[in-house]
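J.: Pasting data18.txt here (compact mmCIF, C-alpha atoms and all ligand atoms):
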```
# COMPACT_ATOMS: atom_id res chain seq x y z
CA LYS A 1 22.43 17.71 17.83
CA LYS A 2 24.07 19.29 14.81
CA VAL A 3 24.16 17.30 11.57
CA ASP A 4 25.86 18.78 8.48
CA ASN A 5 25.80 15.91 6.03
CA LEU A 6 23.95 12.66 6.15
CA THR A 7 23.24 9.93 3.63
CA VAL A 8 20.58 7.35 4.48
CA THR A 9 18.95 4.53 2.52
CA TRP A 10 15.67 2.81 3.34
CA GLN A 11 13.75 0.01 1.70
CA THR A 12 10.00 0.00 2.22
CA PRO A 13 7.40 -2.34 0.75
CA SER A 14 4.16 -2.06 -1.10
CA ASN A 15 1.03 -3.40 0.58
CA ILE A 16 -2.24 -4.98 -0.48
CA ALA A 17 -5.47 -3.98 1.24
CA LEU A 18 -7.88 -6.70 2.41
CA VAL A 19 -10.47 -4.17 3.55
CA LYS A 20 -10.14 -1.27 1.15
CA TYR A 21 -9.65 2.44 1.67
CA TRP A 22 -11.69 4.31 -0.92
CA GLY A 23 -12.90 7.79 0.00
CA LYS A 24 -11.21 10.46 2.09
CA SER A 25 -11.52 14.00 3.36
CA GLU A 26 -8.79 16.60 3.72
CA PRO A 27 -6.01 16.23 4.82
CA GLN A 28 -5.85 12.57 3.85
CA ILE A 29 -8.34 11.44 6.48
CA PRO A 30 -9.90 8.12 5.45
CA LYS A 31 -13.66 7.71 5.42
CA ASN A 32 -13.29 4.20 6.81
CA ALA A 33 -10.65 2.05 8.43
CA SER A 34 -8.65 -0.30 6.20
CA ILE A 35 -6.27 -3.21 6.74
CA SER A 36 -3.52 -4.59 4.53
CA PHE A 37 -0.92 -7.27 4.24
CA THR A 38 2.52 -5.72 3.99
CA LEU A 39 4.37 -7.21 1.02
CA ASN A 40 7.93 -8.42 0.89
CA ASN A 41 9.38 -8.50 -2.63
CA CYS A 42 7.63 -5.44 -4.08
CA HIS A 43 9.51 -2.54 -2.56
CA THR A 44 11.15 0.80 -3.15
CA THR A 45 14.72 1.58 -2.13
CA THR A 46 15.37 5.27 -1.58
CA LYS A 47 18.59 7.05 -0.72
CA ILE A 48 18.57 10.65 0.46
CA GLU A 49 21.75 12.71 0.71
CA PHE A 50 21.16 15.63 3.05
CA THR A 51 23.50 18.65 2.93
CA LYS A 52 23.03 21.51 5.35
CA THR A 53 22.13 24.89 3.84
CA LEU A 54 20.68 28.18 5.03
CA PRO A 55 16.97 27.77 5.84
CA LYS A 56 14.69 27.98 2.79
CA LYS A 57 10.98 28.76 2.43
CA GLN A 58 10.33 25.48 0.69
CA ALA A 59 12.15 22.18 0.48
CA GLU A 60 14.85 21.95 -2.19
CA PHE A 61 15.63 18.63 -3.77
CA GLU A 62 16.84 16.77 -6.83
CA LEU A 63 15.22 13.55 -7.87
CA TYR A 64 16.72 10.49 -9.56
CA PHE A 65 14.67 7.47 -10.48
CA GLU A 66 16.48 4.30 -11.48
CA GLY A 67 19.64 6.31 -12.08
CA LYS A 68 18.07 9.00 -14.27
CA LYS A 69 17.00 12.51 -13.37
CA LYS A 70 13.21 12.41 -13.13
CA ASP A 71 11.66 15.85 -13.22
CA ASP A 72 8.14 14.63 -14.03
CA PHE A 73 7.83 13.03 -10.56
CA LYS A 74 8.98 16.27 -8.91
CA PRO A 75 5.63 18.07 -8.48
CA LYS A 76 4.16 15.16 -6.53
CA ILE A 77 7.14 15.06 -4.17
CA ALA A 78 7.21 18.87 -3.90
CA LYS A 79 3.57 18.82 -2.84
CA PHE A 80 4.36 16.10 -0.32
CA PHE A 81 7.19 18.17 1.20
CA GLU A 82 4.95 21.22 1.33
CA ARG A 83 2.35 19.25 3.26
CA ILE A 84 4.79 17.83 5.77
CA GLN A 85 7.18 20.74 6.29
CA LYS A 86 5.30 22.00 9.33
CA TYR A 87 5.87 18.62 11.01
CA CYS A 88 9.55 18.47 10.09
CA THR A 89 10.84 22.00 9.66
CA TYR A 90 14.38 20.63 9.44
CA ILE A 91 13.84 19.64 5.81
CA LEU A 92 14.01 23.36 4.98
CA GLU A 93 17.59 23.45 6.23
CA TYR A 94 18.96 20.78 3.92
CA ASN A 95 19.46 20.24 0.24
CA MET A 96 18.23 16.77 -0.58
CA VAL A 97 19.32 14.49 -3.38
CA ILE A 98 16.79 11.68 -3.61
CA SER A 99 17.59 8.51 -5.56
CA SER A 100 14.94 5.88 -5.79
CA GLU A 101 14.38 2.52 -7.42
CA ASN A 102 11.63 -0.07 -7.39
CA SER A 103 12.08 -3.83 -7.24
CA PHE A 104 9.14 -4.23 -9.63
CA PRO A 105 9.05 -3.00 -13.23
CA HIS A 106 8.02 0.64 -13.48
CA SER A 107 5.29 0.03 -16.00
CA SER A 108 3.74 -2.97 -14.30
CA GLY A 109 0.57 -1.28 -13.14
CA ILE A 110 1.70 -1.83 -9.57
CA ALA A 111 1.18 1.33 -7.59
CA SER A 112 4.49 2.61 -6.28
CA SER A 113 3.10 5.47 -4.23
CA ALA A 114 2.79 3.41 -1.02
CA SER A 115 6.36 2.12 -1.11
CA GLY A 116 7.75 5.36 -2.57
CA MET A 117 6.24 7.75 -0.05
CA SER A 118 6.95 5.52 2.94
CA ALA A 119 10.61 5.22 1.90
CA ILE A 120 11.03 9.01 1.84
CA ALA A 121 9.27 9.24 5.20
CA MET A 122 11.68 6.73 6.76
CA CYS A 123 14.70 8.63 5.39
CA LEU A 124 13.39 11.87 6.92
CA MET A 125 12.79 10.17 10.25
CA ASN A 126 16.33 8.84 10.12
CA LEU A 127 17.61 12.44 9.90
CA GLU A 128 15.22 13.45 12.69
CA LYS A 129 16.65 10.70 14.88
CA LYS A 130 20.19 11.98 14.23
CA LEU A 131 19.08 15.47 15.23
CA ASN A 132 17.29 14.14 18.29
CA PRO A 133 18.81 10.81 19.40
CA SER A 134 16.31 10.36 22.23
CA LEU A 135 13.46 9.47 19.85
CA THR A 136 12.11 5.94 20.35
CA ASP A 137 11.55 3.43 17.55
CA GLU A 138 7.84 3.50 18.33
CA TYR A 139 7.71 7.27 17.84
CA ILE A 140 9.72 7.00 14.64
CA ASN A 141 7.42 4.39 13.09
CA LYS A 142 4.31 6.29 14.09
CA LYS A 143 5.55 9.58 12.73
CA ALA A 144 6.92 7.96 9.56
CA SER A 145 3.47 6.51 8.94
CA PHE A 146 1.87 9.88 9.70
CA LEU A 147 4.14 11.59 7.16
CA ALA A 148 3.74 8.84 4.55
CA ARG A 149 -0.04 9.18 4.85
CA LEU A 150 0.23 12.78 3.73
CA GLY A 151 2.00 11.59 0.56
CA SER A 152 -0.42 8.76 -0.21
CA GLY A 153 -3.03 7.39 2.18
CA SER A 154 -2.15 3.73 1.69
CA ALA A 155 1.55 4.56 2.29
CA SER A 156 0.72 4.87 5.99
CA ARG A 157 0.33 1.06 5.93
CA SER A 158 3.82 0.43 4.48
CA ILE A 159 6.06 1.11 7.49
CA GLU A 160 5.36 -2.05 9.48
CA GLY A 161 4.03 -5.55 8.92
CA PRO A 162 2.69 -8.16 8.51
CA LEU A 163 -0.79 -6.64 8.98
CA VAL A 164 -1.46 -2.93 9.39
CA VAL A 165 -4.66 -1.06 10.17
CA TRP A 166 -5.11 2.56 9.21
CA GLY A 167 -8.16 4.48 10.37
CA ASN A 168 -9.82 4.83 13.72
CA HIS A 169 -11.72 1.64 14.61
CA PRO A 170 -13.17 0.54 17.96
CA GLU A 171 -11.96 -3.05 17.51
CA ILE A 172 -8.34 -1.99 17.03
CA ASN A 173 -6.65 -0.57 20.09
CA GLY A 174 -4.54 2.49 19.35
CA SER A 175 -5.85 2.84 15.78
CA SER A 176 -5.96 6.30 14.26
CA ASP A 177 -6.97 8.19 11.14
CA LEU A 178 -3.54 9.82 11.24
CA PHE A 179 -1.23 6.80 11.01
CA GLY A 180 -1.18 3.04 10.59
CA VAL A 181 -0.76 0.61 13.49
CA LYS A 182 0.24 -3.02 13.55
CA PHE A 183 -2.76 -5.34 13.87
CA PRO A 184 -2.76 -5.71 17.66
CA HIS A 185 -4.15 -9.25 18.07
CA LYS A 186 -2.48 -12.62 17.77
CA VAL A 187 -2.98 -13.93 14.25
CA HIS A 188 -3.88 -17.57 13.52
CA PRO A 189 -0.90 -19.53 12.06
CA ILE A 190 -2.79 -20.18 8.79
CA PHE A 191 -2.30 -16.50 7.94
CA GLU A 192 1.43 -16.56 8.61
CA ASP A 193 3.64 -16.24 5.55
CA TYR A 194 0.56 -15.77 3.35
CA GLN A 195 1.35 -15.72 -0.37
CA ASP A 196 0.41 -13.04 -2.90
CA THR A 197 1.12 -13.60 -6.58
CA ILE A 198 0.41 -10.49 -8.62
CA LEU A 199 -0.87 -11.23 -12.10
CA LEU A 200 0.01 -8.42 -14.48
CA VAL A 201 -3.04 -8.23 -16.70
CA ASP A 202 -2.52 -4.62 -17.70
CA LYS A 203 0.82 -2.90 -17.27
CA GLY A 204 -0.37 0.49 -18.49
CA GLU A 205 -0.70 3.70 -16.53
CA LYS A 206 -3.62 3.77 -14.12
CA GLN A 207 -6.84 4.78 -15.86
CA VAL A 208 -8.08 6.53 -12.74
CA SER A 209 -5.55 8.23 -10.49
CA SER A 210 -6.22 7.62 -6.83
CA THR A 211 -6.93 11.33 -6.25
CA VAL A 212 -9.68 11.23 -8.86
CA GLY A 213 -10.82 7.87 -7.50
CA HIS A 214 -11.24 8.96 -3.90
CA ASN A 215 -13.11 12.05 -5.06
CA LEU A 216 -15.65 9.83 -6.81
CA MET A 217 -16.89 8.92 -3.35
CA HIS A 218 -18.05 12.48 -2.77
CA ASN A 219 -21.73 12.60 -3.76
CA HIS A 220 -21.65 8.89 -4.48
CA PRO A 221 -25.12 7.38 -3.91
CA TYR A 222 -23.74 4.40 -1.97
CA ALA A 223 -20.92 6.16 -0.13
CA GLU A 224 -22.30 6.12 3.41
CA ASN A 225 -23.34 2.47 3.22
CA ARG A 226 -19.95 1.58 1.84
CA PHE A 227 -18.07 3.31 4.68
CA THR A 228 -20.26 1.55 7.28
CA GLN A 229 -19.80 -1.78 5.53
CA ALA A 230 -16.02 -1.40 5.40
CA ASN A 231 -15.84 -0.73 9.12
CA GLU A 232 -18.06 -3.77 9.76
CA ASN A 233 -15.88 -5.87 7.49
CA LEU A 234 -12.79 -4.80 9.39
CA GLU A 235 -14.41 -5.95 12.61
CA LYS A 236 -15.31 -9.30 11.03
CA LEU A 237 -11.86 -9.71 9.52
CA SER A 238 -10.24 -8.96 12.86
CA LYS A 239 -12.05 -11.99 14.31
CA ILE A 240 -11.31 -14.16 11.28
CA LEU A 241 -7.59 -13.36 11.45
CA GLN A 242 -7.59 -14.52 15.06
CA ASN A 243 -9.76 -17.63 14.74
CA GLY A 244 -8.35 -18.84 11.42
CA ASN A 245 -11.68 -19.26 9.61
CA ILE A 246 -10.16 -19.20 6.16
CA LYS A 247 -13.44 -19.81 4.29
CA GLU A 248 -14.81 -16.61 5.79
CA PHE A 249 -11.53 -14.87 4.95
CA VAL A 250 -11.86 -15.83 1.28
CA ASN A 251 -15.44 -14.62 1.18
CA LEU A 252 -14.79 -11.30 2.84
CA VAL A 253 -11.63 -10.47 0.91
CA GLU A 254 -13.17 -11.18 -2.51
CA SER A 255 -16.29 -9.26 -1.59
CA GLU A 256 -14.17 -6.24 -0.61
CA ALA A 257 -12.36 -6.31 -3.97
CA LEU A 258 -15.59 -6.54 -5.95
CA THR A 259 -17.19 -3.82 -3.84
CA LEU A 260 -14.27 -1.47 -4.55
CA HIS A 261 -14.91 -2.00 -8.27
CA ALA A 262 -18.65 -1.70 -7.76
CA MET A 263 -18.05 1.78 -6.32
CA MET A 264 -16.27 2.73 -9.54
CA LEU A 265 -18.97 1.20 -11.72
CA THR A 266 -21.63 3.23 -9.92
CA SER A 267 -19.89 6.59 -9.57
CA ASN A 268 -20.27 9.60 -11.81
CA PRO A 269 -18.19 9.59 -13.96
CA TYR A 270 -18.14 5.78 -13.99
CA PHE A 271 -15.24 3.46 -14.76
CA ILE A 272 -14.67 -0.17 -15.60
CA LEU A 273 -11.16 -0.91 -14.43
CA MET A 274 -11.26 -4.65 -14.95
CA LYS A 275 -10.19 -6.09 -18.29
CA PRO A 276 -11.66 -9.21 -19.91
CA ASN A 277 -8.69 -11.19 -18.60
CA THR A 278 -9.35 -9.98 -15.06
CA LEU A 279 -12.73 -11.72 -15.25
CA GLU A 280 -11.24 -14.81 -16.90
CA ILE A 281 -8.80 -15.09 -14.02
CA ILE A 282 -11.49 -14.63 -11.37
CA ASN A 283 -13.58 -17.38 -12.95
CA LYS A 284 -10.58 -19.71 -13.17
CA ILE A 285 -9.83 -19.10 -9.49
CA TRP A 286 -13.43 -19.90 -8.55
CA GLU A 287 -13.37 -23.09 -10.65
CA TYR A 288 -10.07 -24.20 -9.16
CA ARG A 289 -11.25 -23.52 -5.63
CA GLN A 290 -14.35 -25.65 -6.10
CA GLU A 291 -12.64 -28.52 -7.84
CA ASN A 292 -9.66 -28.71 -5.52
CA ASP A 293 -11.18 -27.78 -2.17
CA SER A 294 -8.64 -24.97 -2.13
CA ASN A 295 -8.58 -21.69 -0.23
CA VAL A 296 -7.03 -19.62 -2.99
CA CYS A 297 -8.74 -16.26 -3.50
CA PHE A 298 -8.20 -12.94 -5.23
CA THR A 299 -8.17 -9.28 -4.46
CA LEU A 300 -7.90 -6.22 -6.68
CA ASP A 301 -6.57 -2.69 -6.47
CA ALA A 302 -8.00 0.16 -8.49
CA GLY A 303 -6.87 -1.53 -11.71
CA ALA A 304 -7.00 -4.70 -13.81
CA ASN A 305 -4.19 -6.66 -12.15
CA VAL A 306 -5.17 -9.53 -9.88
CA HIS A 307 -3.56 -10.39 -6.54
CA VAL A 308 -3.85 -14.13 -5.94
CA LEU A 309 -3.82 -14.83 -2.21
CA TYR A 310 -3.23 -18.26 -0.68
CA PRO A 311 -1.85 -19.87 2.46
CA TYR A 312 1.72 -21.11 2.53
CA SER A 313 0.48 -24.71 2.81
CA GLU A 314 -0.95 -24.50 -0.75
CA LYS A 315 2.12 -22.85 -2.27
CA SER A 316 3.36 -25.64 -4.53
CA GLU A 317 -0.05 -26.51 -6.05
CA ILE A 318 -1.09 -22.89 -6.57
CA GLU A 319 2.25 -22.00 -8.14
CA LEU A 320 1.64 -24.70 -10.73
CA PHE A 321 -1.92 -23.52 -11.32
CA ILE A 322 -0.67 -19.97 -11.82
CA LYS A 323 2.15 -21.01 -14.13
CA ASN A 324 0.03 -23.37 -16.23
CA VAL A 325 -3.31 -21.60 -16.28
CA LEU A 326 -3.49 -18.06 -14.91
CA ALA A 327 -0.24 -16.78 -16.46
CA THR A 328 -1.73 -17.21 -19.93
CA TYR A 329 -4.10 -14.30 -19.14
CA CYS A 330 -1.24 -11.98 -18.14
CA GLN A 331 0.57 -9.54 -20.43
CA LYS A 332 3.57 -11.46 -21.74
CA ASN A 333 2.80 -14.17 -19.15
CA HIS A 334 4.20 -11.81 -16.55
CA TYR A 335 3.49 -12.18 -12.84
CA ILE A 336 5.30 -11.39 -9.58
CA CYS A 337 5.55 -13.82 -6.67
CA ASP A 338 5.34 -12.15 -3.32
CA SER A 339 4.41 -12.92 0.26
CA VAL A 340 3.70 -11.11 3.46
CA GLY A 341 6.58 -9.05 4.87
CA PHE A 342 7.56 -7.01 7.88
CA GLY A 343 7.93 -3.43 6.73
CA ALA A 344 10.64 -0.83 6.39
CA ARG A 345 14.30 -1.68 6.76
CA PRO A 346 17.46 0.40 6.61
CA ILE A 347 20.07 -0.42 3.99
CA LEU A 348 23.51 0.07 5.48
O1 LIG B 401 -3.16 5.50 -1.24
P1 LIG B 401 -4.00 5.81 -2.42
O2 LIG B 401 -4.55 7.20 -2.34
O3 LIG B 401 -3.27 5.53 -3.70
O4 LIG B 401 -5.30 4.86 -2.40
C1 LIG B 401 -5.24 3.48 -2.53
C2 LIG B 401 -6.57 2.88 -2.69
C3 LIG B 401 -6.63 1.38 -2.94
O5 LIG B 401 -5.37 0.87 -3.29
C4 LIG B 401 -7.59 1.11 -4.08
C5 LIG B 401 -7.15 0.63 -1.71
C6 LIG B 401 -6.22 0.54 -0.54
O6 LIG B 401 -6.73 0.55 0.59
O7 LIG B 401 -4.99 0.41 -0.73
```
Starting from the coordinates I provided, produce the structure as structure tokens.
Ligand code: PMV

T.:
Amino acid sequence: KKVDNLTVTWQTPSNIALVKYWGKSEPQIPKNASISFTLNNCHTTTKIEFTKTLPKKQAEFELYFEGKKKDDFKPKIAKFFERIQKYCTYILEYNMVISSENSFPHSSGIASSASGMSAIAMCLMNLEKKLNPSLTDEYINKKASFLARLGSGSASRSIEGPLVVWGNHPEINGSSDLFGVKFPHKVHPIFEDYQDTILLVDKGEKQVSSTVGHNLMHNHPYAENRFTQANENLEKLSKILQNGNIKEFVNLVESEALTLHAMMLTSNPYFILMKPNTLEIINKIWEYRQENDSNVCFTLDAGANVHVLYPYSEKSEIELFIKNVLATYCQKNHYICDSVGFGARPIL
């Protein structure tokens, strides 16, 4: 079908890995499988206005971020388009005006690449669907995840929800290194509507970009063991998510977070991405858990901020604990309340 002009808007979420992806080979092939909770409140909304032009050699676009022209983000997006143009040649036949905004503050230390790249991918797939109306939703989600992966690996896990696996794994039917798939098994009700409060310990720019970070796993003395362990952890977590053993969940998820940081402590060059308050928070969470027979736990990204994870049934107590205790370790007492969500949605 012929399409001359089209404007589409998609909202896609961020995600938080439970078993971490750290280490890849070209082109964005993960060294181990990972699994994440899709988030709900932390998301990017992206509008793309497509206008038909004569075919170009490379994608042409303008970029607006939160209403302002943003040329410093352009190279990253240009590289993304270059990588994906062979899978969607139609982007060379349109001028694109991209306008994007995040629901979370820009300088919060929350990575926006997962939500940002997946939002662009969904907009492109929306155009592809207009050009070829016979495409199924399943195909669209798969290809959107495939494209998003080429922008940022973890973005492949931001199309669907509530739990997404990326990376080929024998335990997960249909899993692939090329795109994320919804966790295929029935999940125990204790993990439904799981809560994630993000404590903003350090709102600065990331100390280690993820490109540099993943490269640290090349020639890393513990790399091979780590990749094996991650795949084993995914298998364990798959069982835990089904049987509801939340104590084992807490143990595995915290261990994954600390192992991710251990990889950075033991690479060359080496990095300490936690801040003193990250450790204060972890200790407070451990104390609280012991004293209150709670199942609250933490996970970390490649930074100092702490994701506090807890079941819906503990929401009111943990919210108080966060407000009264943990918030004091955050920059300007700032934290973001989120919970598990269901993935990309069109904005009409
Ligand atoms: O998608 P990237 O290349 O920004 O890598 C993300 C890596 C971690 O956030 C640290 C872990 C993960 O699996 O999301």

J.: May I ask which of the residues A:Ile159, A:Ile281, A:Ala33, A:Val308 is the closest one to ligand LIG 401 (chain B), counting all atoms listed in the file?

T.: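 Among the listed residues, the smallest separation from ligand LIG 401 (chain B) belongs to A:Ala33.
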
J.: Please find the residues contacting ligand LIG 401 (chain B) at a distance of at most 8 Å between atoms, with only C-alpha atoms and all ligand atoms counted, and report them as a list in words.

T.: Asn15, Ile16, Ala17, Leu18, Val19, Lys20, Tyr21, Trp22, Ser34, Ile35, Ser36, Ala111, Ser113, Ala114, Arg149, Ser152, Gly153, Ser154, Ala155, Ser209, Ser210, Thr211, His214, Leu260, Leu300, Asp301 and Ala302 of chain A

J.: Around (-12.1, -16.1, 8.9) in the file's own coordinates, what residues are found within 12 Å if you use all atoms listed in the file, given back as a list of chain:residue names?

T.: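 So the residues meeting the distance criterion are A:Val187, A:His188, A:Ile190, A:Phe191, A:Asn233, A:Leu234, A:Glu235, A:Lys236, A:Leu237, A:Ser238, A:Lys239, A:Ile240, A:Leu241, A:Gln242, A:Asn243, A:Gly244, A:Asn245, A:Ile246, A:Lys247, A:Glu248, A:Phe249, A:Val250, A:Asn251, A:Leu252, A:Val253, A:Asn295.
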
J.: Any idea what's packed within 10 Å of A:Asn215, counting all atoms listed in the file, ignoring anything in its chain fewer than 3 positions away? Could you give it as a list in words?

T.: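 The neighbour list is Trp22, Gly23, Lys24, Ser25, Ser210, Thr211, Val212, His218, Asn219, His220 and Ser267 of chain A.
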
J.: Based on the selection just made, write C-alpha atoms of those residues as a PDB file, keeping the file's coordinate frame.

T.:
```pdb
ATOM      1  CA  TRP A  22     -11.690   4.310  -0.920  1.00  0.00           C
ATOM      2  CA  GLY A  23     -12.900   7.790   0.000  1.00  0.00           C
ATOM      3  CA  LYS A  24     -11.210  10.460   2.090  1.00  0.00           C
ATOM      4  CA  SER A  25     -11.520  14.000   3.360  1.00  0.00           C
ATOM      5  CA  SER A 210      -6.220   7.620  -6.830  1.00  0.00           C
ATOM      6  CA  THR A 211      -6.930  11.330  -6.250  1.00  0.00           C
ATOM      7  CA  VAL A 212      -9.680  11.230  -8.860  1.00  0.00           C
ATOM      8  CA  HIS A 218     -18.050  12.480  -2.770  1.00  0.00           C
ATOM      9  CA  ASN A 219     -21.730  12.600  -3.760  1.00  0.00           C
ATOM     10  CA  HIS A 220     -21.650   8.890  -4.480  1.00  0.00           C
ATOM     11  CA  SER A 267     -19.890   6.590  -9.570  1.00  0.00           C
TER      12      SER A 267
END
```

J.: Need the shell around A:Val181: protein/DNA/RNA residues with any atom at most 12 Å away, counting only C-alpha atoms. Skip same-chain ones fewer than 3 positions apart. Format as a ChimeraX atom specification?

T.: /A:33-36,38,138-139,141-146,156-169,172-178,184-185,343

J.: Keeping C-alpha atoms, export the residues of the selection given above as a PDB file, in the frame of the given file.

T.:
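Now in again_34.pdb:
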```
ATOM      1  CA  ALA A  33     -10.650   2.050   8.430  1.00  0.00           C
ATOM      2  CA  SER A  34      -8.650  -0.300   6.200  1.00  0.00           C
ATOM      3  CA  ILE A  35      -6.270  -3.210   6.740  1.00  0.00           C
ATOM      4  CA  SER A  36      -3.520  -4.590   4.530  1.00  0.00           C
ATOM      5  CA  THR A  38       2.520  -5.720   3.990  1.00  0.00           C
ATOM      6  CA  GLU A 138       7.840   3.500  18.330  1.00  0.00           C
ATOM      7  CA  TYR A 139       7.710   7.270  17.840  1.00  0.00           C
ATOM      8  CA  ASN A 141       7.420   4.390  13.090  1.00  0.00           C
ATOM      9  CA  LYS A 142       4.310   6.290  14.090  1.00  0.00           C
ATOM     10  CA  LYS A 143       5.550   9.580  12.730  1.00  0.00           C
ATOM     11  CA  ALA A 144       6.920   7.960   9.560  1.00  0.00           C
ATOM     12  CA  SER A 145       3.470   6.510   8.940  1.00  0.00           C
ATOM     13  CA  PHE A 146       1.870   9.880   9.700  1.00  0.00           C
ATOM     14  CA  SER A 156       0.720   4.870   5.990  1.00  0.00           C
ATOM     15  CA  ARG A 157       0.330   1.060   5.930  1.00  0.00           C
ATOM     16  CA  SER A 158       3.820   0.430   4.480  1.00  0.00           C
ATOM     17  CA  ILE A 159       6.060   1.110   7.490  1.00  0.00           C
ATOM     18  CA  GLU A 160       5.360  -2.050   9.480  1.00  0.00           C
ATOM     19  CA  GLY A 161       4.030  -5.550   8.920  1.00  0.00           C
ATOM     20  CA  PRO A 162       2.690  -8.160   8.510  1.00  0.00           C
ATOM     21  CA  LEU A 163      -0.790  -6.640   8.980  1.00  0.00           C
ATOM     22  CA  VAL A 164      -1.460  -2.930   9.390  1.00  0.00           C
ATOM     23  CA  VAL A 165      -4.660  -1.060  10.170  1.00  0.00           C
ATOM     24  CA  TRP A 166      -5.110   2.560   9.210  1.00  0.00           C
ATOM     25  CA  GLY A 167      -8.160   4.480  10.370  1.00  0.00           C
ATOM     26  CA  ASN A 168      -9.820   4.830  13.720  1.00  0.00           C
ATOM     27  CA  HIS A 169     -11.720   1.640  14.610  1.00  0.00           C
ATOM     28  CA  ILE A 172      -8.340  -1.990  17.030  1.00  0.00           C
ATOM     29  CA  ASN A 173      -6.650  -0.570  20.090  1.00  0.00           C
ATOM     30  CA  GLY A 174      -4.540   2.490  19.350  1.00  0.00           C
ATOM     31  CA  SER A 175      -5.850   2.840  15.780  1.00  0.00           C
ATOM     32  CA  SER A 176      -5.960   6.300  14.260  1.00  0.00           C
ATOM     33  CA  ASP A 177      -6.970   8.190  11.140  1.00  0.00           C
ATOM     34  CA  LEU A 178      -3.540   9.820  11.240  1.00  0.00           C
ATOM     35  CA  PRO A 184      -2.760  -5.710  17.660  1.00  0.00           C
ATOM     36  CA  HIS A 185      -4.150  -9.250  18.070  1.00  0.00           C
ATOM     37  CA  GLY A 343       7.930  -3.430   6.730  1.00  0.00           C
TER      38      GLY A 343
END
```

J.: Can you measure atom CA of A:Asn324 to atom CA of A:Asp193 for me? One decimal in Å is fine.

T.: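 We find that atom CA of A:Asn324 and atom CA of A:Asp193 lie 23.2 Å from each other.
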
J.: Taking 4 positions as the minimum chain separation for residues in the same chain, which residues sit within 10 Å of A:Phe321 when counting all atoms listed in the file? Answer as a ChimeraX atom specification.

T.: /A:284-285,288,315-317,325-327
